[in-house]
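Q: Sharing start_32.cif here; it has mmCIF, C-alpha atoms and all ligand atoms.
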data_upload
#
loop_
_atom_site.label_atom_id
_atom_site.label_comp_id
_atom_site.auth_asym_id
_atom_site.auth_seq_id
_atom_site.Cartn_x
_atom_site.Cartn_y
_atom_site.Cartn_z
CA MET A 1 248.21 132.18 228.60
CA ILE A 2 248.72 131.91 232.37
CA PHE A 3 245.61 129.74 232.66
CA THR A 4 246.78 127.57 229.74
CA LEU A 5 250.19 127.07 231.32
CA GLN A 6 248.54 125.91 234.55
CA GLN A 7 245.61 123.94 233.13
CA SER A 8 247.50 122.10 230.36
CA GLY A 9 249.67 120.28 232.89
CA LEU A 10 252.79 121.60 231.11
CA GLN A 11 253.72 123.72 234.10
CA ASP A 12 254.79 120.63 236.05
CA GLN A 13 257.05 119.57 233.17
CA PHE A 14 258.63 123.03 232.97
CA ALA A 15 259.17 123.02 236.75
CA ALA A 16 261.49 120.04 236.22
CA GLY A 17 263.00 121.52 233.02
CA THR A 18 262.20 120.24 229.52
CA THR A 19 262.40 121.15 225.82
CA VAL A 20 259.83 121.65 223.07
CA ASP A 21 261.19 118.54 221.32
CA ALA A 22 260.84 116.39 224.43
CA LEU A 23 257.24 117.56 225.01
CA VAL A 24 256.24 117.05 221.38
CA GLY A 25 257.57 113.48 221.55
CA ALA A 26 256.17 112.57 224.96
CA LYS A 27 252.73 114.22 224.70
CA LYS A 28 252.01 114.21 220.95
CA LEU A 29 251.62 118.00 220.85
CA ASP A 30 251.56 120.13 217.70
CA ARG A 31 255.14 121.37 217.30
CA ALA A 32 254.36 124.78 215.70
CA ARG A 33 251.70 125.59 218.29
CA LEU A 34 253.78 124.50 221.27
CA ALA A 35 256.82 126.41 219.94
CA ALA A 36 254.65 129.55 219.62
CA MET A 37 253.32 129.08 223.14
CA ALA A 38 256.84 128.58 224.52
CA ASP A 39 258.01 131.76 222.79
CA TYR A 40 255.07 133.64 224.28
CA TRP A 41 255.74 132.32 227.80
CA VAL A 42 259.45 133.18 227.53
CA ALA A 43 258.73 136.71 226.24
CA ALA A 44 256.16 137.23 229.01
CA GLY A 45 258.65 136.18 231.67
CA LEU A 46 256.86 132.98 232.66
CA LEU A 47 259.59 130.63 231.33
CA ASP A 48 263.38 130.89 231.04
CA ARG A 49 265.13 129.27 228.06
CA SER A 50 268.76 128.13 228.34
CA ALA A 51 271.24 128.22 225.42
CA ASP A 52 270.51 124.54 224.68
CA GLY A 53 266.73 125.12 224.63
CA VAL A 54 265.80 123.83 228.12
CA LEU A 55 262.67 125.62 229.36
CA THR A 56 262.20 126.19 233.09
CA LEU A 57 259.57 127.94 235.19
CA THR A 58 260.37 131.45 236.45
CA ASP A 59 259.63 132.92 239.87
CA LEU A 60 256.89 134.98 238.20
CA ALA A 61 255.12 131.81 237.03
CA ARG A 62 255.50 130.33 240.54
CA ALA A 63 253.90 133.47 241.98
CA TYR A 64 250.93 133.11 239.59
CA GLU A 65 250.61 129.48 240.70
CA GLU A 66 249.55 130.73 244.14
CA ALA A 67 246.54 132.33 242.43
CA ARG A 68 245.70 129.25 240.32
CA PRO A 69 242.05 128.87 241.47
CA TRP A 70 241.33 132.53 240.65
CA TYR A 71 242.57 131.90 237.08
CA GLU A 72 240.62 128.64 236.97
CA MET A 73 237.35 130.37 237.87
CA MET A 74 237.73 133.77 236.20
CA VAL A 75 239.49 132.65 232.98
CA GLY A 76 238.58 128.94 232.67
CA GLY A 77 235.02 129.39 233.95
CA TYR A 78 234.09 132.93 232.98
CA GLY A 79 236.59 133.80 230.19
CA GLN A 80 234.00 133.19 227.49
CA THR A 81 231.44 135.13 229.54
CA PHE A 82 233.58 138.27 229.51
CA LEU A 83 234.12 137.95 225.76
CA ALA A 84 230.34 137.75 225.25
CA LEU A 85 229.28 140.68 227.48
CA GLY A 86 228.56 142.99 224.54
CA ASP A 87 226.38 140.38 222.86
CA HIS A 88 224.26 140.01 225.99
CA LEU A 89 223.56 143.61 226.95
CA ALA A 90 220.33 143.86 224.98
CA GLU A 91 217.06 142.93 226.67
CA GLY A 92 215.99 139.32 226.09
CA THR A 93 219.40 138.06 224.93
CA GLY A 94 219.52 135.24 227.52
CA PRO A 95 222.49 134.26 229.66
CA ALA A 96 226.09 134.49 228.43
CA PRO A 97 227.99 131.16 228.33
CA ARG A 98 230.27 129.89 231.11
CA ARG A 99 232.14 126.64 231.88
CA GLY A 100 230.42 125.24 234.97
CA GLY A 101 233.13 122.71 235.81
CA TYR A 102 235.85 125.36 236.06
CA VAL A 103 233.49 127.72 237.91
CA GLY A 104 232.89 125.04 240.55
CA SER A 105 236.46 123.77 240.89
CA GLY A 106 238.01 127.27 240.75
CA SER A 107 235.52 128.52 243.32
CA CYS A 108 236.31 125.58 245.62
CA GLY A 109 240.04 126.33 245.27
CA ILE A 110 239.44 129.94 246.32
CA SER A 111 237.15 128.75 249.11
CA MET A 112 240.04 126.83 250.69
CA HIS A 113 241.53 130.27 251.45
CA ASP A 114 238.49 132.38 252.36
CA SER A 115 235.10 130.79 252.78
CA LEU A 116 236.06 127.41 254.32
CA PRO A 117 238.02 129.07 257.14
CA LEU A 118 235.02 131.39 257.66
CA LEU A 119 232.60 128.44 257.72
CA ARG A 120 234.84 126.52 260.15
CA LYS A 121 235.00 129.56 262.43
CA LEU A 122 231.22 130.02 262.40
CA LEU A 123 230.60 126.33 263.14
CA ALA A 124 233.33 126.08 265.79
CA GLU A 125 231.96 129.08 267.71
CA ASP A 126 228.56 127.44 267.58
CA GLY A 127 230.06 124.30 269.12
CA ARG A 128 227.57 121.65 267.87
CA ASP A 129 228.33 118.20 266.54
CA TYR A 130 226.97 117.22 263.12
CA ARG A 131 226.28 113.79 261.61
CA ARG A 132 224.73 114.44 258.20
CA LEU A 133 225.82 117.19 255.80
CA VAL A 134 224.30 118.29 252.51
CA ASP A 135 226.43 120.70 250.47
CA LEU A 136 224.07 122.34 247.99
CA GLY A 137 226.06 123.32 244.88
CA CYS A 138 229.20 121.54 246.02
CA GLY A 139 231.43 122.43 243.02
CA SER A 140 234.43 120.11 243.09
CA GLY A 141 233.50 118.91 246.58
CA VAL A 142 236.17 120.27 248.92
CA TYR A 143 233.72 121.33 251.66
CA LEU A 144 232.44 117.74 251.85
CA THR A 145 235.82 116.18 252.49
CA GLU A 146 237.09 119.02 254.71
CA LEU A 147 234.00 118.98 256.95
CA CYS A 148 234.01 115.16 257.12
CA ALA A 149 237.61 115.42 258.34
CA ASP A 150 236.45 117.89 261.07
CA TYR A 151 233.46 115.77 262.19
CA PRO A 152 234.46 112.08 262.47
CA GLN A 153 230.86 110.76 262.62
CA MET A 154 229.70 112.77 259.63
CA THR A 155 228.45 111.40 256.32
CA ALA A 156 227.82 113.82 253.49
CA VAL A 157 226.08 114.30 250.17
CA GLY A 158 227.15 116.86 247.60
CA ILE A 159 224.52 118.29 245.23
CA GLU A 160 225.88 119.60 241.94
CA PRO A 161 223.79 120.06 238.75
CA ASP A 162 226.69 120.71 236.38
CA ALA A 163 227.93 117.45 234.76
CA ASP A 164 231.60 118.54 234.70
CA GLY A 165 231.30 119.85 238.27
CA ALA A 166 229.76 116.58 239.51
CA ALA A 167 232.48 114.56 237.72
CA ALA A 168 235.18 116.78 239.28
CA ALA A 169 233.59 116.31 242.71
CA ARG A 170 233.49 112.50 242.33
CA ALA A 171 237.14 112.48 241.21
CA TRP A 172 238.21 114.72 244.11
CA VAL A 173 236.28 112.79 246.75
CA ALA A 174 237.58 109.41 245.51
CA GLY A 175 241.16 110.45 246.28
CA GLN A 176 240.46 111.65 249.83
CA PRO A 177 240.65 109.68 253.12
CA THR A 178 236.97 110.42 253.81
CA ALA A 179 235.84 109.01 250.42
CA ASP A 180 233.69 106.25 251.97
CA ARG A 181 231.55 108.84 253.80
CA VAL A 182 230.71 111.08 250.83
CA THR A 183 228.37 110.69 247.84
CA ILE A 184 227.66 113.09 244.97
CA GLU A 185 224.31 113.58 243.23
CA GLN A 186 224.04 115.39 239.92
CA VAL A 187 220.83 117.40 240.41
CA ASP A 188 219.96 121.00 241.22
CA ALA A 189 219.41 122.06 244.81
CA VAL A 190 215.74 122.98 244.46
CA ARG A 191 214.83 119.64 242.85
CA TRP A 192 216.86 117.75 245.47
CA ILE A 193 215.11 119.54 248.34
CA GLU A 194 211.68 118.93 246.77
CA ASN A 195 212.23 115.20 246.31
CA THR A 196 214.63 113.95 248.99
CA GLU A 197 213.86 111.93 252.09
CA ASP A 198 217.32 112.68 253.47
CA LYS A 199 217.30 114.48 256.84
CA PRO A 200 220.55 116.45 257.12
CA ASP A 201 221.42 118.24 260.38
CA LEU A 202 223.79 120.62 258.54
CA ALA A 203 223.22 122.19 255.12
CA VAL A 204 225.67 124.48 253.34
CA TYR A 205 224.98 127.01 250.61
CA ALA A 206 228.37 128.46 249.67
CA PHE A 207 228.08 130.97 246.82
CA VAL A 208 225.00 129.11 245.57
CA ILE A 209 221.93 130.82 247.08
CA HIS A 210 222.53 133.73 244.68
CA GLU A 211 222.52 131.20 241.80
CA VAL A 212 219.10 129.96 242.93
CA LEU A 213 217.91 133.57 243.33
CA GLY A 214 218.95 134.29 239.73
CA GLN A 215 217.34 131.11 238.39
CA GLU A 216 214.15 130.84 240.45
CA GLY A 217 213.58 134.40 241.71
CA GLU A 218 212.87 135.54 245.26
CA GLU A 219 209.73 133.39 245.54
CA GLY A 220 211.76 130.34 244.50
CA VAL A 221 214.32 130.97 247.25
CA ARG A 222 211.55 131.47 249.83
CA ARG A 223 209.85 128.21 248.77
CA MET A 224 213.16 126.35 248.89
CA LEU A 225 214.04 127.59 252.41
CA THR A 226 210.52 126.88 253.68
CA LYS A 227 210.63 123.33 252.31
CA LEU A 228 214.17 122.71 253.61
CA PHE A 229 213.28 123.73 257.18
CA GLY A 230 209.79 122.20 256.94
CA GLU A 231 211.36 118.77 256.40
CA SER A 232 214.21 119.28 258.92
CA PRO A 233 213.09 121.79 261.60
CA GLU A 234 216.26 121.26 263.67
CA LEU A 235 218.52 121.96 260.68
CA THR A 236 221.54 124.26 260.89
CA LEU A 237 221.96 126.12 257.59
CA ALA A 238 225.27 127.83 256.85
CA VAL A 239 225.11 130.37 254.02
CA ILE A 240 228.27 131.92 252.61
CA ASP A 241 227.79 134.62 250.01
CA ILE A 242 228.79 138.05 248.79
CA ASP A 243 227.58 141.32 250.29
CA LEU A 244 226.93 143.28 247.07
CA LYS A 245 228.77 146.60 247.21
CA SER A 246 229.45 147.22 243.52
CA ALA A 247 227.99 150.75 243.67
CA ASP A 248 229.96 151.74 246.80
CA ARG A 249 232.92 153.78 245.49
CA ALA A 250 234.95 153.56 248.70
CA ALA A 251 234.47 149.78 249.04
CA MET A 252 235.29 149.25 245.36
CA SER A 253 238.50 151.29 245.57
CA GLN A 254 240.15 148.65 247.82
CA PRO A 255 242.97 146.79 246.04
CA LEU A 256 241.30 143.35 246.04
CA ALA A 257 238.06 144.96 244.82
CA GLN A 258 239.97 146.55 241.93
CA ALA A 259 241.99 143.43 241.09
CA TYR A 260 239.25 140.82 241.47
CA TYR A 261 235.79 141.71 242.77
CA ASN A 262 235.04 144.38 240.15
CA ALA A 263 235.08 141.76 237.37
CA TYR A 264 233.60 139.08 239.65
CA LEU A 265 230.55 141.20 240.53
CA LEU A 266 230.06 142.24 236.90
CA MET A 267 229.53 138.79 235.40
CA HIS A 268 226.74 137.64 237.75
CA PRO A 269 223.72 139.22 236.04
CA PHE A 270 225.06 137.98 232.68
CA THR A 271 224.94 134.35 233.87
CA SER A 272 221.51 134.11 235.55
CA GLN A 273 222.94 134.91 238.99
CA ARG A 274 221.68 137.64 241.31
CA LEU A 275 223.84 139.04 244.10
CA GLU A 276 222.26 141.08 246.89
CA SER A 277 223.43 143.01 249.94
CA ARG A 278 223.80 141.64 253.46
CA GLN A 279 220.73 143.65 254.56
CA TRP A 280 218.65 142.25 251.70
CA TRP A 281 219.49 138.65 252.62
CA GLU A 282 218.94 139.18 256.35
CA LYS A 283 215.46 140.61 255.68
CA LEU A 284 214.61 137.61 253.50
CA PHE A 285 215.91 135.09 256.07
CA THR A 286 213.88 136.76 258.83
CA GLU A 287 210.74 136.84 256.68
CA CYS A 288 211.21 133.10 256.03
CA GLY A 289 211.00 132.49 259.80
CA LEU A 290 214.76 132.01 260.29
CA ARG A 291 216.96 133.22 263.12
CA ILE A 292 220.54 134.41 262.56
CA ASP A 293 222.60 132.62 265.20
CA ALA A 294 225.99 133.78 263.92
CA TYR A 295 227.41 136.16 261.33
CA ASP A 296 230.98 136.93 260.30
CA THR A 297 233.20 137.92 257.38
CA THR A 298 236.41 136.38 256.08
CA ASP A 299 239.69 136.79 257.94
CA PRO A 300 240.92 140.29 256.94
CA ALA A 301 244.46 138.89 256.61
CA MET A 302 243.17 136.95 253.60
CA ASP A 303 240.48 139.33 252.29
CA SER A 304 240.10 142.71 253.95
CA THR A 305 237.21 143.90 251.76
CA GLY A 306 234.57 142.29 254.01
CA PHE A 307 232.63 141.35 250.84
CA CYS A 308 232.51 137.63 251.63
CA VAL A 309 230.05 137.01 254.47
CA GLY A 310 228.61 134.01 256.30
CA TRP A 311 225.54 133.27 258.43
CA VAL A 312 224.46 130.38 260.63
CA LEU A 313 220.66 130.12 260.36
CA ARG A 314 218.06 128.12 262.28
CA LYS A 315 214.30 128.05 262.42
CA ALA A 316 213.24 130.91 264.71
CA ASP A 317 210.72 128.78 266.62
CA ALA A 318 212.83 125.58 266.75
C1 LIG B 401 230.50 129.59 242.68
S1 LIG B 401 230.32 127.87 242.63
C2 LIG B 401 230.43 127.47 244.37
C3 LIG B 401 231.11 126.14 244.63
C4 LIG B 401 231.37 125.88 246.11
N1 LIG B 401 230.12 125.76 246.85
C5 LIG B 401 232.22 126.94 246.73
O1 LIG B 401 231.79 127.57 247.70
O2 LIG B 401 233.33 127.16 246.29
C6 LIG B 401 228.59 127.72 242.36
C7 LIG B 401 228.18 126.28 242.15
O3 LIG B 401 226.76 126.18 242.21
C8 LIG B 401 226.32 125.30 241.20
N2 LIG B 401 224.90 125.61 240.94
C9 LIG B 401 224.38 126.48 240.06
N3 LIG B 401 223.05 126.45 240.12
C10 LIG B 401 222.71 125.56 241.08
C11 LIG B 401 221.48 125.07 241.60
N4 LIG B 401 220.30 125.50 241.16
N5 LIG B 401 221.53 124.12 242.56
C12 LIG B 401 222.71 123.66 243.03
N6 LIG B 401 223.90 124.10 242.57
C13 LIG B 401 223.90 125.03 241.61
C14 LIG B 401 227.27 125.58 240.06
O4 LIG B 401 227.27 124.53 239.12
C15 LIG B 401 228.59 125.75 240.78
O5 LIG B 401 229.26 124.54 240.96
#
Could you take the file, read its structure, and then write that structure out as structure tokens?
A:
Amino acid sequence: MIFTLQQSGLQDQFAAGTTVDALVGAKKLDRARLAAMADYWVAAGLLDRSADGVLTLTDLARAYEEARPWYEMMVGGYGQTFLALGDHLAEGTGPAPRRGGYVGSGSCGISMHDSLPLLRKLLAEDGRDYRRLVDLGCGSGVYLTELCADYPQMTAVGIEPDADGAAAARAWVAGQPTADRVTIEQVDAVRWIENTEDKPDLAVYAFVIHEVLGQEGEEGVRRMLTKLFGESPELTLAVIDIDLKSADRAAMSQPLAQAYYNAYLLMHPFTSQRLESRQWWEKLFTECGLRIDAYDTTDPAMDSTGFCVGWVLRKADA
């Protein structure tokens, strides 16, 4: 219901104050359904209703608005996944469904708070200038426009296989001041790396290398990294991902782990994704001939679990 309030666009109307009648007239909504929704939202404390039927947003609904991208990803993207968990426990049942567009756009909204500041910190400490960015699995494209704003000479390409995700990225980029420096390609990262003649100096995998690991296996990730650095030996690769600690009781007892990560970690193996620990990834990077030039976690003021980690990687013999 919270996700529906936010995603339907009705929240903005309620912020200004409106009635069921006015919304039915202006937006051609089903009266009985909207009336039932309004009753639900009022009873749940998300809307107030005045004596003459004017509906307005409550402080509680405004507080939930701050967490909008978490609802977008976990309810819009993975809501149907959680409902299908029981049907996908048996061996050979295939992946549970998810809505890729909401996964990508919700994830990018969360990233504005945690992973983008981490990426900026890692790159700033490194101090290099970059001219050509590829964001592999760009979701709704916020890294592309944010990094282009940081690096005035930069042009960028976003790689996103999901049709809704790619459409969301194109729509987002088109409205940003850096629009003329960014393009979006609807293709998966492995296929793009195998076929491109592009020579980026900065590549980003933000919450995507574990998708490739789930889809292509460890050998697939090794082949992809080898090809990427084979074509661009001077490349800087920034990887942001999750340090898998789902079996660590102490780590999982932290409030954000209870409220968010517990469910987040759970749905990955159900959707062809494979999370691994920091140590696991560092061993793989080293075995692929890469050097870890920087490592950090998110700002503890935003996320004190230390689950979200980032690396700056380069070819060891470059
Ligand atoms: C969790 S979202 C991350 C979005 C964004 N990079 C961020 O950090 O917020 C994962 C994205 O990877 C995309 N994806 C899944 N498999 C992929 C693949 N093989 N190659 C490229 N992107 C992929 C999904 O469609 C989704 O948009």
Q: Report, in Å to a single decimal, how far apart atom CA of Gln7 of chain A and atom CA of Gly137 of chain A are.
A: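 Between atom CA of Gly137 of chain A and atom CA of Gln7 of chain A the gap works out to 22.8 Å.
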Q: For a quick check of understanding, using all atoms listed in the file, which of A:Cys148, A:Val103, A:Ala167, A:Ala251 has the smallest distance to ligand LIG 401 (chain B)?
A: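 Smallest separation from ligand LIG 401 (chain B) among the options: A:Val103.
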Q: Kindly indicate which residue among A:Arg274, A:Arg49, A:Arg62, A:His88 lies nearest to ligand LIG 401 (chain B), using all atoms listed in the file for the distances.
A: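 Among the listed residues, A:Arg274 lies closest to ligand LIG 401 (chain B).
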Q: Report as JSON lines: every residue of chain A with an atom at most 8 Å from ligand LIG 401 (chain B), its closest pair of atoms, and their distance in Å to one decimal, counting all atoms listed in the file, with rows sorted by chain and ascending residue number.
A:
{"residue": "A:Gly100", "atom": "CA", "partner": "B:LIG401", "partner_atom": "O4", "distance": 5.3}
{"residue": "A:Gly101", "atom": "CA", "partner": "B:LIG401", "partner_atom": "O5", "distance": 6.7}
{"residue": "A:Val103", "atom": "CA", "partner": "B:LIG401", "partner_atom": "S1", "distance": 5.7}
{"residue": "A:Gly104", "atom": "CA", "partner": "B:LIG401", "partner_atom": "O5", "distance": 3.7}
{"residue": "A:Ser105", "atom": "CA", "partner": "B:LIG401", "partner_atom": "C3", "distance": 6.9}
{"residue": "A:Gly106", "atom": "CA", "partner": "B:LIG401", "partner_atom": "O2", "distance": 7.3}
{"residue": "A:Ser107", "atom": "CA", "partner": "B:LIG401", "partner_atom": "O2", "distance": 3.9}
{"residue": "A:Cys108", "atom": "CA", "partner": "B:LIG401", "partner_atom": "O2", "distance": 3.4}
{"residue": "A:Gly109", "atom": "CA", "partner": "B:LIG401", "partner_atom": "O2", "distance": 6.8}
{"residue": "A:Ile110", "atom": "CA", "partner": "B:LIG401", "partner_atom": "O2", "distance": 6.7}
{"residue": "A:Ser111", "atom": "CA", "partner": "B:LIG401", "partner_atom": "O2", "distance": 5.0}
{"residue": "A:Ser115", "atom": "CA", "partner": "B:LIG401", "partner_atom": "O1", "distance": 6.9}
{"residue": "A:Leu116", "atom": "CA", "partner": "B:LIG401", "partner_atom": "O1", "distance": 7.9}
{"residue": "A:Asp135", "atom": "CA", "partner": "B:LIG401", "partner_atom": "N1", "distance": 7.2}
{"residue": "A:Leu136", "atom": "CA", "partner": "B:LIG401", "partner_atom": "C12", "distance": 5.3}
{"residue": "A:Gly137", "atom": "CA", "partner": "B:LIG401", "partner_atom": "N6", "distance": 3.3}
{"residue": "A:Cys138", "atom": "CA", "partner": "B:LIG401", "partner_atom": "N1", "distance": 4.4}
{"residue": "A:Gly139", "atom": "CA", "partner": "B:LIG401", "partner_atom": "O5", "distance": 3.7}
{"residue": "A:Ser140", "atom": "CA", "partner": "B:LIG401", "partner_atom": "C3", "distance": 7.1}
{"residue": "A:Gly141", "atom": "CA", "partner": "B:LIG401", "partner_atom": "C4", "distance": 7.3}
{"residue": "A:Val142", "atom": "CA", "partner": "B:LIG401", "partner_atom": "C4", "distance": 7.9}
{"residue": "A:Tyr143", "atom": "CA", "partner": "B:LIG401", "partner_atom": "N1", "distance": 7.5}
{"residue": "A:Ile159", "atom": "CA", "partner": "B:LIG401", "partner_atom": "C12", "distance": 6.1}
{"residue": "A:Glu160", "atom": "CA", "partner": "B:LIG401", "partner_atom": "N6", "distance": 5.0}
{"residue": "A:Pro161", "atom": "CA", "partner": "B:LIG401", "partner_atom": "N6", "distance": 5.6}
{"residue": "A:Asp162", "atom": "CA", "partner": "B:LIG401", "partner_atom": "O4", "distance": 4.7}
{"residue": "A:Gly165", "atom": "CA", "partner": "B:LIG401", "partner_atom": "O5", "distance": 5.8}
{"residue": "A:Val187", "atom": "CA", "partner": "B:LIG401", "partner_atom": "C12", "distance": 7.0}
{"residue": "A:Asp188", "atom": "CA", "partner": "B:LIG401", "partner_atom": "N5", "distance": 3.7}
{"residue": "A:Ala189", "atom": "CA", "partner": "B:LIG401", "partner_atom": "N5", "distance": 3.7}
{"residue": "A:Val190", "atom": "CA", "partner": "B:LIG401", "partner_atom": "N4", "distance": 6.2}
{"residue": "A:Val204", "atom": "CA", "partner": "B:LIG401", "partner_atom": "N1", "distance": 8.0}
{"residue": "A:Tyr205", "atom": "CA", "partner": "B:LIG401", "partner_atom": "N1", "distance": 6.5}
{"residue": "A:Ala206", "atom": "CA", "partner": "B:LIG401", "partner_atom": "O1", "distance": 4.0}
{"residue": "A:Phe207", "atom": "CA", "partner": "B:LIG401", "partner_atom": "C2", "distance": 4.9}
{"residue": "A:Val208", "atom": "CA", "partner": "B:LIG401", "partner_atom": "O3", "distance": 4.8}
{"residue": "A:Ile209", "atom": "CA", "partner": "B:LIG401", "partner_atom": "C11", "distance": 8.0}
{"residue": "A:Glu211", "atom": "CA", "partner": "B:LIG401", "partner_atom": "N3", "distance": 5.1}
{"residue": "A:Val212", "atom": "CA", "partner": "B:LIG401", "partner_atom": "N4", "distance": 4.9}
{"residue": "A:Gln215", "atom": "CA", "partner": "B:LIG401", "partner_atom": "N4", "distance": 6.9}
{"residue": "A:Ile240", "atom": "CA", "partner": "B:LIG401", "partner_atom": "O1", "distance": 7.4}
Q: For atom CA of Tyr264 of chain A and atom CA of Trp280 of chain A, quote the distance in Å rounded to one decimal.
A: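 Those two atoms sit 19.5 Å apart.
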Q: Could you check the closest approach to Ala96 of chain A for each of A:Thr297, A:Arg128, A:Met267, A:Ala318 and tell me which residue wins, using only C-alpha atoms?
A: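 Closest to Ala96 of chain A of all the choices is A:Met267.
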Q: Tell me which of A:Leu144, A:Cys288, A:Leu275, A:Leu244 sits closest to Leu313 of chain A, counting all atoms listed in the file.
A: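 Among the listed residues, A:Cys288 lies closest to Leu313 of chain A.
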Q: For Gly79 of chain A, work out the shell of residues within 12 Å, counting all atoms listed in the file and skipping chain neighbours fewer than 3 positions away, then give it as number ranges by chain.
A: A: 1, 3-4, 70-76, 82-85, 96-100, 102-103, 263-264, 267
Q: Dump C-alpha atoms for the selected residues as a PDB file, keeping the file's coordinate frame?
A:
ATOM      1  CA  MET A   1     248.210 132.180 228.600  1.00  0.00           C
ATOM      2  CA  PHE A   3     245.610 129.740 232.660  1.00  0.00           C
ATOM      3  CA  THR A   4     246.780 127.570 229.740  1.00  0.00           C
ATOM      4  CA  TRP A  70     241.330 132.530 240.650  1.00  0.00           C
ATOM      5  CA  TYR A  71     242.570 131.900 237.080  1.00  0.00           C
ATOM      6  CA  GLU A  72     240.620 128.640 236.970  1.00  0.00           C
ATOM      7  CA  MET A  73     237.350 130.370 237.870  1.00  0.00           C
ATOM      8  CA  MET A  74     237.730 133.770 236.200  1.00  0.00           C
ATOM      9  CA  VAL A  75     239.490 132.650 232.980  1.00  0.00           C
ATOM     10  CA  GLY A  76     238.580 128.940 232.670  1.00  0.00           C
ATOM     11  CA  PHE A  82     233.580 138.270 229.510  1.00  0.00           C
ATOM     12  CA  LEU A  83     234.120 137.950 225.760  1.00  0.00           C
ATOM     13  CA  ALA A  84     230.340 137.750 225.250  1.00  0.00           C
ATOM     14  CA  LEU A  85     229.280 140.680 227.480  1.00  0.00           C
ATOM     15  CA  ALA A  96     226.090 134.490 228.430  1.00  0.00           C
ATOM     16  CA  PRO A  97     227.990 131.160 228.330  1.00  0.00           C
ATOM     17  CA  ARG A  98     230.270 129.890 231.110  1.00  0.00           C
ATOM     18  CA  ARG A  99     232.140 126.640 231.880  1.00  0.00           C
ATOM     19  CA  GLY A 100     230.420 125.240 234.970  1.00  0.00           C
ATOM     20  CA  TYR A 102     235.850 125.360 236.060  1.00  0.00           C
ATOM     21  CA  VAL A 103     233.490 127.720 237.910  1.00  0.00           C
ATOM     22  CA  ALA A 263     235.080 141.760 237.370  1.00  0.00           C
ATOM     23  CA  TYR A 264     233.600 139.080 239.650  1.00  0.00           C
ATOM     24  CA  MET A 267     229.530 138.790 235.400  1.00  0.00           C
TER      25      MET A 267
END
Q: At what distance in Å, to one decimal, does atom CA of Pro200 of chain A lie from atom CA of Leu123 of chain A?
A: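 Atom CA of Pro200 of chain A lies at a distance of 15.3 Å from atom CA of Leu123 of chain A.
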Q: Do you know which residues are at most 8 Å from segment 173-177 of chain A counting all atoms listed in the file, after dropping those on the same chain fewer than 3 positions away, and could you put them as a PyMOL selection string?
A: chain A and resi 141-142+145+169-170+180+182
Q: Please determine, counting all atoms listed in the file, which residue among A:Ala179, A:Leu213, A:Leu256, A:Arg33 has the shortest atom-to-atom distance to Asp303 of chain A.
A: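 Among the listed residues, A:Leu256 lies closest to Asp303 of chain A.
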Q: Which residue gives the smallest distance to Gln273 of chain A among A:Asp293, A:Glu216, A:Asp52, A:Glu66, with only C-alpha atoms counted?
A: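 Of A:Asp293, A:Glu216, A:Asp52, A:Glu66, the one nearest Gln273 of chain A, counting only C-alpha atoms, is A:Glu216.
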Q: Near segment 38-41 of chain A, counting only C-alpha atoms, which residues have an atom at most 8 Å away, once you skip same-chain residues fewer than 4 positions from it, shown as a PyMOL selection string?
A: chain A and resi 1+20+34+45-47
Q: Could you give me, as a PyMOL selection string, the residues within 12 Å of Thr58 of chain A, counting only C-alpha atoms and dropping anything in the same chain fewer than 3 positions from it?
A: chain A and resi 11+14-17+41-49+55+61-65
Q: Can you list, as a PyMOL selection string, every protein, DNA or RNA residue that comes within 10 Å of Leu118 of chain A when you count all atoms listed in the file, leaving out same-chain residues fewer than 3 positions away?
A: chain A and resi 111-115+121-124+240+295-299+308-311
